[in-house]
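The file target33.cif comes next; it holds mmCIF, C-alpha atoms.
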data_work
loop_
_atom_site.label_atom_id
_atom_site.label_comp_id
_atom_site.auth_asym_id
_atom_site.auth_seq_id
_atom_site.Cartn_x
_atom_site.Cartn_y
_atom_site.Cartn_z
CA MET X 1 114.37 -74.42 67.71
CA THR X 2 110.76 -74.74 68.82
CA GLY X 3 109.69 -76.81 65.83
CA ASP X 4 109.32 -76.67 62.10
CA PRO X 5 107.98 -73.42 60.62
CA ILE X 6 104.31 -73.37 59.75
CA VAL X 7 104.00 -73.25 55.99
CA PRO X 8 101.13 -71.09 54.70
CA LYS X 9 98.19 -73.12 53.38
CA THR X 10 97.38 -71.21 50.20
CA THR X 11 99.69 -68.90 48.31
CA TRP X 12 100.21 -67.90 44.71
CA SER X 13 103.42 -69.93 44.76
CA GLN X 14 101.38 -73.06 45.43
CA TYR X 15 100.77 -73.03 41.69
CA LEU X 16 104.40 -74.14 41.25
CA SER X 17 103.73 -77.27 43.33
CA GLN X 18 100.57 -77.96 41.38
CA ILE X 19 102.48 -77.86 38.11
CA TYR X 20 105.00 -80.44 39.32
CA THR X 21 102.28 -82.59 40.91
CA ILE X 22 100.02 -82.68 37.86
CA GLY X 23 102.94 -83.25 35.55
CA GLN X 24 101.32 -81.82 32.44
CA PRO X 25 102.66 -79.01 30.28
CA PRO X 26 100.57 -75.84 30.06
CA VAL X 27 98.39 -75.25 27.03
CA ILE X 28 100.52 -72.17 26.35
CA GLY X 29 103.51 -74.50 25.93
CA SER X 30 105.88 -72.80 28.39
CA TYR X 31 106.08 -70.42 31.32
CA ASP X 32 108.96 -68.57 29.64
CA TYR X 33 107.29 -65.59 27.99
CA ARG X 34 109.86 -65.64 25.16
CA VAL X 35 108.81 -69.17 24.22
CA VAL X 36 105.15 -68.29 24.60
CA GLU X 37 105.63 -65.34 22.24
CA GLU X 38 107.23 -67.61 19.65
CA LYS X 39 104.44 -70.16 19.98
CA ALA X 40 101.80 -67.45 19.62
CA LEU X 41 103.50 -66.34 16.42
CA GLU X 42 103.54 -69.92 15.13
CA SER X 43 99.89 -70.53 16.04
CA THR X 44 98.79 -67.45 14.10
CA LYS X 45 100.89 -68.09 10.98
CA ASP X 46 97.71 -68.26 8.90
CA ASN X 47 96.52 -65.01 10.46
CA HIS X 48 99.82 -63.14 10.63
CA ALA X 49 98.33 -59.66 10.17
CA ALA X 50 96.25 -60.17 13.32
CA TYR X 51 99.36 -61.21 15.25
CA MET X 52 101.28 -58.14 14.11
CA TYR X 53 98.34 -55.85 14.86
CA SER X 54 98.25 -57.12 18.43
CA PHE X 55 101.96 -57.40 19.15
CA GLY X 56 103.65 -54.93 16.79
CA ASN X 57 105.05 -51.51 17.60
CA ALA X 58 105.37 -47.97 16.36
CA GLY X 59 108.10 -47.30 13.81
CA THR X 60 111.19 -49.46 14.24
CA GLY X 61 110.21 -50.64 17.72
CA THR X 62 112.81 -48.66 19.68
CA THR X 63 110.33 -47.59 22.37
CA TYR X 64 109.19 -51.19 22.83
CA ARG X 65 112.80 -52.29 23.36
CA ARG X 66 113.47 -49.41 25.74
CA ASN X 67 110.51 -50.49 27.84
CA LEU X 68 112.19 -53.86 28.41
CA ASP X 69 115.69 -52.40 28.73
CA ALA X 70 114.62 -49.83 31.32
CA LEU X 71 113.36 -52.59 33.58
CA GLU X 72 116.40 -54.82 32.98
CA GLN X 73 118.78 -52.00 33.85
CA TRP X 74 117.59 -52.19 37.46
CA ARG X 75 118.60 -55.24 39.54
CA ILE X 76 117.10 -56.69 42.70
CA ILE X 77 119.34 -56.87 45.79
CA PRO X 78 118.40 -60.07 47.70
CA ARG X 79 118.51 -60.30 51.50
CA ILE X 80 118.98 -63.59 53.36
CA LEU X 81 118.06 -65.13 56.74
CA ARG X 82 114.86 -63.11 56.89
CA ASP X 83 111.58 -64.82 57.70
CA ALA X 84 109.63 -64.78 54.46
CA THR X 85 107.78 -68.05 55.14
CA HIS X 86 104.35 -66.44 55.21
CA ARG X 87 103.98 -64.32 52.10
CA ASN X 88 101.21 -62.51 50.32
CA LEU X 89 100.80 -60.03 47.50
CA ASN X 90 97.76 -58.33 49.02
CA THR X 91 97.19 -54.68 48.29
CA THR X 92 94.43 -52.07 48.30
CA LEU X 93 93.47 -49.92 45.31
CA PHE X 94 90.78 -47.26 45.60
CA GLY X 95 89.56 -48.74 48.88
CA VAL X 96 89.20 -52.27 47.44
CA LYS X 97 91.30 -55.05 48.95
CA LEU X 98 92.88 -57.19 46.24
CA PRO X 99 94.95 -60.39 46.42
CA SER X 100 97.70 -58.92 44.24
CA PRO X 101 98.74 -55.68 42.48
CA LEU X 102 98.28 -57.29 39.05
CA ILE X 103 95.67 -55.87 36.65
CA VAL X 104 94.70 -57.08 33.18
CA ALA X 105 95.37 -54.14 30.88
CA PRO X 106 92.84 -52.84 28.35
CA VAL X 107 93.68 -54.39 25.00
CA GLY X 108 91.37 -53.88 22.03
CA VAL X 109 90.06 -56.24 19.34
CA GLN X 110 90.89 -59.43 21.24
CA GLY X 111 88.49 -61.22 18.91
CA ILE X 112 91.09 -61.22 16.12
CA LEU X 113 93.19 -63.73 18.12
CA HIS X 114 90.52 -66.01 19.59
CA LYS X 115 86.86 -66.64 18.84
CA ASP X 116 85.81 -65.79 22.43
CA GLY X 117 87.81 -62.55 22.56
CA GLU X 118 87.31 -60.38 25.64
CA VAL X 119 84.77 -62.80 27.13
CA ALA X 120 87.52 -65.41 27.59
CA THR X 121 89.89 -62.89 29.18
CA ALA X 122 87.22 -61.47 31.48
CA ARG X 123 86.36 -64.97 32.72
CA ALA X 124 90.02 -65.84 33.27
CA ALA X 125 90.63 -62.63 35.23
CA ALA X 126 87.66 -63.36 37.48
CA ASN X 127 88.83 -66.95 38.01
CA VAL X 128 92.28 -65.79 39.09
CA GLY X 129 91.02 -62.82 41.11
CA VAL X 130 92.63 -59.89 39.30
CA PRO X 131 90.85 -56.78 37.99
CA PHE X 132 89.98 -56.74 34.30
CA VAL X 133 90.05 -53.51 32.30
CA MET X 134 87.74 -53.54 29.28
CA SER X 135 88.77 -51.62 26.17
CA THR X 136 86.44 -49.35 24.19
CA ALA X 137 87.78 -51.22 21.14
CA SER X 138 86.41 -54.55 22.37
CA THR X 139 84.80 -57.13 20.10
CA ARG X 140 82.00 -57.72 22.61
CA SER X 141 79.47 -55.40 24.22
CA ILE X 142 79.92 -53.88 27.68
CA GLU X 143 77.06 -56.02 28.93
CA ALA X 144 78.49 -59.28 27.53
CA VAL X 145 81.88 -58.65 29.14
CA ALA X 146 80.25 -57.76 32.46
CA ARG X 147 78.34 -61.04 32.44
CA ALA X 148 81.49 -63.00 31.65
CA ASN X 149 83.41 -61.28 34.45
CA GLY X 150 80.66 -62.09 36.95
CA ASP X 151 81.69 -61.18 40.49
CA GLY X 152 85.17 -60.09 39.38
CA HIS X 153 86.56 -56.59 39.74
CA ARG X 154 86.34 -54.66 36.49
CA TRP X 155 87.23 -51.20 35.22
CA TYR X 156 86.32 -49.55 31.94
CA GLN X 157 88.85 -47.97 29.57
CA LEU X 158 87.60 -45.03 27.53
CA TYR X 159 88.72 -44.03 24.07
CA TRP X 160 87.00 -40.70 24.49
CA PRO X 161 84.32 -40.15 21.79
CA ARG X 162 83.99 -36.69 20.30
CA ASN X 163 80.23 -36.73 20.85
CA ASP X 164 79.22 -36.03 24.46
CA GLU X 165 75.91 -37.92 24.16
CA VAL X 166 77.71 -41.06 23.03
CA THR X 167 80.25 -40.63 25.84
CA LEU X 168 77.51 -40.29 28.45
CA SER X 169 75.72 -43.34 27.10
CA ILE X 170 78.89 -45.44 27.33
CA LEU X 171 79.66 -44.22 30.85
CA GLY X 172 76.13 -45.02 31.96
CA ARG X 173 76.31 -48.53 30.52
CA ALA X 174 79.69 -49.15 32.15
CA LYS X 175 78.43 -48.02 35.54
CA ALA X 176 75.29 -50.15 35.18
CA GLY X 177 77.49 -53.11 34.24
CA GLY X 178 79.46 -52.95 37.48
CA PHE X 179 82.60 -51.30 36.15
CA THR X 180 83.83 -49.38 39.18
CA ALA X 181 86.69 -47.28 37.82
CA LEU X 182 87.32 -45.34 34.61
CA VAL X 183 90.62 -45.47 32.72
CA VAL X 184 90.94 -42.65 30.19
CA THR X 185 93.55 -43.32 27.50
CA LEU X 186 95.08 -40.03 26.37
CA ASP X 187 97.87 -41.04 23.98
CA THR X 188 95.74 -42.28 21.08
CA PHE X 189 93.89 -39.28 19.67
CA LEU X 190 95.89 -40.19 16.57
CA ILE X 191 96.85 -43.77 15.78
CA GLY X 192 100.62 -44.29 15.79
CA TRP X 193 102.77 -44.94 12.71
CA ARG X 194 102.87 -48.75 12.59
CA PRO X 195 104.56 -50.07 9.45
CA HIS X 196 103.48 -53.66 10.05
CA ASP X 197 99.81 -52.62 9.78
CA LEU X 198 100.39 -50.09 7.03
CA ASP X 199 102.15 -52.66 4.86
CA THR X 200 99.00 -54.81 4.79
CA ALA X 201 96.45 -51.99 5.28
CA TYR X 202 95.20 -54.00 8.26
CA ARG X 203 92.67 -52.07 10.37
CA PRO X 204 90.19 -54.58 11.85
CA VAL X 205 87.70 -51.92 12.96
CA LEU X 206 87.05 -51.12 9.30
CA GLY X 207 86.04 -54.76 8.87
CA GLY X 208 83.55 -54.57 11.72
CA MET X 209 85.87 -56.01 14.41
CA GLY X 210 86.29 -53.88 17.54
CA VAL X 211 83.25 -51.64 17.06
CA GLN X 212 80.93 -53.73 19.24
CA VAL X 213 80.76 -51.19 22.07
CA GLY X 214 79.38 -48.84 19.44
CA THR X 215 77.01 -51.23 17.68
CA SER X 216 75.49 -52.13 21.06
CA ASP X 217 75.10 -48.49 22.08
CA PRO X 218 71.61 -47.00 21.61
CA VAL X 219 72.82 -43.42 21.15
CA PHE X 220 75.52 -44.26 18.59
CA MET X 221 73.25 -46.55 16.59
CA LYS X 222 70.42 -44.02 16.62
CA ARG X 223 72.83 -41.46 15.17
CA MET X 224 73.70 -44.03 12.51
CA GLY X 225 70.02 -44.66 11.77
CA MET X 226 70.46 -48.37 12.41
CA ALA X 227 68.96 -50.98 14.71
CA LEU X 228 70.79 -51.86 17.90
CA ARG X 229 73.02 -54.97 17.83
CA ALA X 230 72.87 -55.93 21.49
CA ASP X 231 75.05 -59.04 21.48
CA GLU X 232 77.02 -58.98 18.25
CA ARG X 233 79.76 -61.60 17.88
CA PRO X 234 81.98 -60.93 14.88
CA ALA X 235 83.15 -63.90 12.84
CA PHE X 236 86.53 -65.43 13.60
CA PRO X 237 89.04 -65.28 12.05
CA LEU X 238 88.83 -61.91 10.36
CA ASP X 239 90.07 -62.07 6.76
CA MET X 240 90.57 -58.45 5.73
CA THR X 241 91.56 -59.40 2.17
CA ALA X 242 88.31 -61.29 1.64
CA PHE X 243 86.41 -58.49 3.37
CA ARG X 244 87.83 -55.87 1.00
CA GLU X 245 86.92 -58.05 -1.98
CA ARG X 246 83.33 -58.26 -0.72
CA LEU X 247 83.35 -54.52 -0.12
CA ALA X 248 84.57 -53.81 -3.66
CA ALA X 249 81.89 -56.15 -5.04
CA GLY X 250 79.16 -54.12 -3.35
CA ASP X 251 78.26 -56.63 -0.63
CA ALA X 252 75.66 -54.90 1.57
CA GLU X 253 76.83 -56.49 4.82
CA ALA X 254 80.45 -55.50 4.16
CA GLN X 255 79.38 -51.96 3.28
CA THR X 256 77.45 -51.64 6.55
CA ALA X 257 80.38 -52.97 8.59
CA PHE X 258 82.75 -50.55 6.87
CA LYS X 259 80.42 -47.62 7.49
CA LEU X 260 80.04 -48.48 11.17
CA GLY X 261 83.77 -48.94 11.60
CA THR X 262 84.58 -45.70 9.85
CA GLU X 263 82.14 -43.66 11.93
CA TRP X 264 83.28 -45.31 15.17
CA LEU X 265 86.90 -44.42 14.38
CA ARG X 266 85.91 -40.86 13.53
CA GLY X 267 84.52 -40.56 17.01
CA THR X 268 87.17 -42.36 19.05
CA ASN X 269 90.40 -41.83 17.04
CA SER X 270 89.34 -38.57 15.49
CA GLY X 271 92.60 -36.64 15.41
CA VAL X 272 91.01 -34.01 17.65
CA PHE X 273 93.12 -33.60 20.78
CA ARG X 274 91.54 -32.98 24.17
CA SER X 275 92.84 -30.52 26.78
CA TRP X 276 93.17 -30.63 30.56
CA GLU X 277 90.06 -28.47 30.85
CA ASP X 278 88.00 -31.16 29.09
CA LEU X 279 88.54 -33.56 31.98
CA ARG X 280 85.96 -31.63 33.99
CA PHE X 281 83.26 -33.23 31.85
CA LEU X 282 84.34 -36.73 32.86
CA ARG X 283 84.81 -35.73 36.50
CA ASP X 284 81.25 -34.36 36.57
CA ASN X 285 79.76 -37.43 34.90
CA TRP X 286 81.58 -40.40 36.42
CA ASP X 287 80.87 -41.43 39.99
CA GLY X 288 84.03 -43.31 40.87
CA PRO X 289 87.82 -43.28 40.47
CA ILE X 290 89.24 -41.84 37.24
CA MET X 291 92.75 -42.70 36.05
CA LEU X 292 94.62 -41.09 33.18
CA LYS X 293 96.57 -43.58 31.06
CA GLY X 294 99.55 -42.40 29.04
CA ILE X 295 101.37 -40.24 31.60
CA GLN X 296 105.16 -40.08 31.09
CA THR X 297 106.28 -36.90 32.89
CA VAL X 298 106.25 -35.42 36.39
CA GLU X 299 104.57 -32.30 35.03
CA ASP X 300 101.65 -34.27 33.62
CA ALA X 301 101.34 -36.27 36.84
CA HIS X 302 101.02 -33.00 38.76
CA ALA X 303 98.52 -31.70 36.20
CA ALA X 304 96.41 -34.83 36.74
CA MET X 305 96.36 -34.08 40.45
CA ASP X 306 95.35 -30.48 39.74
CA ALA X 307 92.49 -31.80 37.58
CA ARG X 308 91.15 -33.84 40.54
CA MET X 309 91.95 -37.16 38.94
CA ASP X 310 92.26 -40.12 41.29
CA GLY X 311 95.33 -41.62 39.69
CA ILE X 312 97.52 -42.16 36.67
CA ILE X 313 98.82 -45.08 34.67
CA VAL X 314 102.43 -44.51 33.68
CA SER X 315 102.33 -45.94 30.17
CA ASN X 316 103.51 -45.38 26.61
CA HIS X 317 100.97 -47.80 25.11
CA GLY X 318 103.56 -50.56 25.08
CA GLY X 319 105.66 -48.66 22.55
CA ARG X 320 102.83 -48.75 20.00
CA GLN X 321 102.32 -45.00 19.57
CA ILE X 322 105.67 -43.17 19.44
CA ASP X 323 108.94 -44.53 18.12
CA GLY X 324 112.12 -43.27 19.79
CA ALA X 325 110.55 -42.41 23.15
CA ILE X 326 111.78 -43.14 26.66
CA GLY X 327 111.06 -46.43 28.39
CA SER X 328 108.01 -46.30 30.62
CA PHE X 329 109.96 -47.48 33.69
CA THR X 330 112.29 -44.51 33.20
CA ALA X 331 109.24 -42.26 33.41
CA LEU X 332 108.04 -44.06 36.56
CA GLU X 333 111.44 -43.53 38.19
CA LYS X 334 111.08 -39.76 37.79
CA ILE X 335 107.38 -39.51 38.64
CA THR X 336 107.62 -41.46 41.90
CA ALA X 337 110.62 -39.34 42.93
CA SER X 338 108.27 -36.34 43.14
CA SER X 339 107.64 -35.42 46.77
CA ARG X 340 104.21 -34.11 45.82
CA VAL X 341 103.21 -37.41 44.21
CA LEU X 342 104.61 -39.45 47.12
CA ARG X 343 102.79 -37.33 49.69
CA ALA X 344 99.49 -37.78 47.85
CA GLN X 345 100.07 -41.53 47.61
CA GLN X 346 100.80 -41.80 51.32
CA GLN X 347 97.62 -39.86 52.10
CA ALA X 348 95.61 -42.21 49.84
CA LYS X 349 94.65 -39.25 47.66
CA PHE X 350 96.43 -40.36 44.48
CA THR X 351 97.27 -43.73 42.93
CA VAL X 352 100.13 -44.50 40.56
CA LEU X 353 99.90 -47.60 38.36
CA PHE X 354 102.38 -48.87 35.79
CA ASP X 355 102.06 -50.28 32.27
CA SER X 356 104.38 -51.07 29.33
CA GLY X 357 107.09 -53.72 29.57
CA ILE X 358 105.93 -56.16 32.26
CA ARG X 359 106.98 -59.70 31.35
CA LYS X 360 108.24 -61.39 34.54
CA GLY X 361 107.63 -61.60 38.27
CA SER X 362 110.85 -59.71 38.92
CA ASP X 363 109.49 -56.84 36.81
CA ILE X 364 106.55 -56.52 39.18
CA ILE X 365 108.86 -56.47 42.21
CA LYS X 366 110.90 -53.68 40.59
CA VAL X 367 107.84 -51.62 39.71
CA ILE X 368 106.41 -51.81 43.24
CA ALA X 369 109.80 -51.00 44.78
CA MET X 370 109.99 -48.00 42.45
CA GLY X 371 106.76 -46.68 43.93
CA ALA X 372 103.88 -47.85 41.74
CA GLN X 373 100.90 -49.33 43.57
CA GLY X 374 99.66 -51.61 40.82
CA VAL X 375 100.89 -53.20 37.59
CA LEU X 376 99.10 -53.76 34.28
CA ILE X 377 99.90 -56.75 32.08
CA GLY X 378 99.20 -56.62 28.33
CA ARG X 379 100.97 -58.59 25.61
CA PRO X 380 101.71 -61.77 27.64
CA PHE X 381 98.05 -62.46 28.39
CA MET X 382 97.27 -61.91 24.71
CA TYR X 383 99.83 -64.60 23.86
CA GLY X 384 97.94 -66.87 26.23
CA LEU X 385 94.62 -65.95 24.62
CA ALA X 386 95.92 -66.77 21.14
CA LEU X 387 97.27 -70.14 22.31
CA GLY X 388 94.60 -71.36 24.70
CA GLY X 389 91.69 -68.97 25.11
CA GLU X 390 90.44 -68.64 28.67
CA GLN X 391 92.78 -71.35 30.01
CA GLY X 392 95.74 -69.79 28.24
CA VAL X 393 95.09 -66.39 29.83
CA GLU X 394 94.65 -68.00 33.22
CA GLU X 395 97.95 -69.87 32.95
CA VAL X 396 99.79 -66.65 32.08
CA LEU X 397 98.27 -64.80 35.04
CA ARG X 398 98.78 -67.58 37.58
CA GLY X 399 102.33 -68.20 36.41
CA LEU X 400 103.21 -64.52 36.65
CA LEU X 401 101.74 -64.22 40.15
CA ALA X 402 103.50 -67.38 41.35
CA GLU X 403 106.82 -66.09 40.00
CA THR X 404 106.23 -62.72 41.67
CA GLU X 405 105.56 -64.23 45.07
CA ILE X 406 108.50 -66.63 44.82
CA THR X 407 110.83 -63.78 43.82
CA LEU X 408 109.48 -61.68 46.69
CA GLY X 409 110.31 -64.38 49.24
CA LEU X 410 113.69 -65.28 47.79
CA SER X 411 114.59 -61.59 47.91
CA GLY X 412 113.89 -61.58 51.65
CA TYR X 413 110.45 -59.97 51.80
CA LYS X 414 106.99 -61.22 52.64
CA SER X 415 104.55 -58.56 51.47
CA ILE X 416 103.95 -55.77 49.01
CA ASP X 417 103.93 -53.29 51.88
CA GLU X 418 107.52 -54.24 52.76
CA ILE X 419 108.86 -53.33 49.34
CA TRP X 420 106.66 -50.44 48.22
CA GLY X 421 108.73 -47.39 47.39
CA LYS X 422 111.95 -48.90 48.83
CA ARG X 423 114.03 -48.45 45.70
CA GLU X 424 117.23 -47.57 47.60
CA ALA X 425 117.16 -50.76 49.67
CA ILE X 426 115.83 -53.20 47.09
CA LEU X 427 117.12 -52.03 43.70
CA GLU X 428 120.42 -51.12 42.13
CA LYS X 429 120.79 -49.45 38.77
CA GLY X 430 123.35 -50.89 36.36
CA ASP X 431 125.19 -49.16 33.56
CA ALA X 432 123.44 -51.14 30.83
CA PRO X 433 120.54 -53.56 30.61
CA CYS X 434 121.25 -57.25 31.08
CA ARG X 435 120.62 -59.09 27.82
CA TYR X 436 118.57 -62.24 27.99
CA ALA X 437 120.45 -65.51 27.74
CA LYS X 438 119.77 -67.57 24.64
CA LEU X 439 117.34 -70.42 25.12
#
Could I get this file's structure written as structure tokens?
Amino acid sequence: MTGDPIVPKTTWSQYLSQIYTIGQPPVIGSYDYRVVEEKALESTKDNHAAYMYSFGNAGTGTTYRRNLDALEQWRIIPRILRDATHRNLNTTLFGVKLPSPLIVAPVGVQGILHKDGEVATARAAANVGVPFVMSTASTRSIEAVARANGDGHRWYQLYWPRNDEVTLSILGRAKAGGFTALVVTLDTFLIGWRPHDLDTAYRPVLGGMGVQVGTSDPVFMKRMGMALRADERPAFPLDMTAFRERLAAGDAEAQTAFKLGTEWLRGTNSGVFRSWEDLRFLRDNWDGPIMLKGIQTVEDAHAAMDARMDGIIVSNHGGRQIDGAIGSFTALEKITASSRVLRAQQQAKFTVLFDSGIRKGSDIIKVIAMGAQGVLIGRPFMYGLALGGEQGVEEVLRGLLAETEITLGLSGYKSIDEIWGKREAILEKGDAPCRYAKL
């Protein structure tokens, strides 16, 4: 031997050492997402409808479970005596070099779980160095979220309004706010059948929560005949029962909030379905990458390429829209097996991202090995938000990245490039998903 190996100075896995050195538990209570989920439920016991709205599923939850099972059915095949001392998770998406493939998914109405809502998440994402995707259903304005995200990378997710003038206004504000890519969600023209929300008639937008992109938009508010609300911060927590009582009593403020929420929903969850031809409007009016979120088939992936889209997000909305559907990882397996998709990826003409079911670092390894170039995280960061605001989100993100890098090295690899698309060498498919051990 010529001497001890040189250990890299700064890695995501250094977070593990920091945890042991500091010797303090995280504000989220645990780095086991199952425990964090339970603690988030406990912390919102006085606001249970908000918890269920954020973390519930369509129907009986079979699609949600299949998302997790589809990932668990595939197992990592570790290699040994390979030099994985120097590791990184670096990748490039749309010409931008990033320190990891992790992306904070667009999740709406974050203000029902924490008083700072999307502002806290945007700050945490910037602190960690991962892209943040802002939802059209945010409880803060585009401009407020942009300020909070600072020098971070940010994309904008569009619930596509029926009115073209409103759409153009939103796109212009997003571009002016430094949002560099557009994510178009295409599986929510109708809201899914969600018994947990129906049982309590819980729809926060109708109470004025999650309409703030609209109330801060000059075109939408002009159409409403109302004054612009540039930096509206809805009250926390939202008590829909008390709100409905005020509404029934004729409270003017409640009536205005209900009217705004109703009109915003009519525009963004209208029940009017778009077609592939409609995408030309967005392509002509957005100067930057456009990704279609909600793709689950090879045919639709090819159609996105034909429509001159820059990429897709393989997603089923976390199982929140259709009950009884396939797991999203099952869809990714088929889409990345397409020679046409692979060729476009290799030529840097098309990007495939993944969403729905990510909980652990090993999940990220599997998704990259299956051929996705980036991974969106949703529910777990919302658990962190509910438990600890900005710090809670940051702990979830840093923990997930540390686990990913550690798993990468222990599996015998040192970079994302080494594992991308190598499903045959890195993964093995089992007959049935591995059930989690009891705590």
Return as number ranges by chain the set of residues that the PyMOL selection byres ((chain X and resi 138) around 10) yields on the displayed structure. X: 106-111, 117-119, 134-137, 139-142, 145, 205, 209-214
Given the file above and the PyMOL selection byres ((chain X and resi 338) around 12), which residues are selected, and can you give them as a ChimeraX atom specification? /X:297-302,331-337,339-345,352,370-371,421
Around the point (92.5, -45.8, 39.7) (coordinates from the file), which residues reach within 9 Å if we count only C-alpha atoms? Answer as a PyMOL selection string. chain X and resi 93-94+155+181-183+288-292+309-313+350-353
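With the shown file loaded, the PyMOL selection byres ((chain X and resi 295) around 6) picks out Lys293, Gly294, Gln296, Val314 and Ser315 of chain X.
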Expected file: the selected residues, C-alpha atoms, as a compact mmCIF listing (two decimals), in the frame of the given file:
# COMPACT_ATOMS: atom_id res chain seq x y z
CA LYS X 293 96.57 -43.58 31.06
CA GLY X 294 99.55 -42.40 29.04
CA GLN X 296 105.16 -40.08 31.09
CA VAL X 314 102.43 -44.51 33.68
CA SER X 315 102.33 -45.94 30.17
Distance in Å - atom CA of Asp306 of chain X versus atom CA of Arg280 of chain X: 11.1 Å
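Going from atom CA of Tyr51 of chain X over to atom CA of Trp193 of chain X, you cover 16.8 Å.
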Could you check how far atom CA of Lys97 of chain X sits from atom CA of Ser411 of chain X, in Å to one decimal?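 We find that atom CA of Lys97 of chain X and atom CA of Ser411 of chain X lie 24.2 Å from each other.
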Could the centre and edge lengths of an axis-aligned box, enclosing all atoms of segment 263-280 of chain X in the file with 5 Å extra on each side, be given in Å to one decimal as JSON?
{"center_x": 87.7, "center_y": -36.9, "center_z": 23.0, "size_x": 21.0, "size_y": 26.8, "size_z": 32.1}
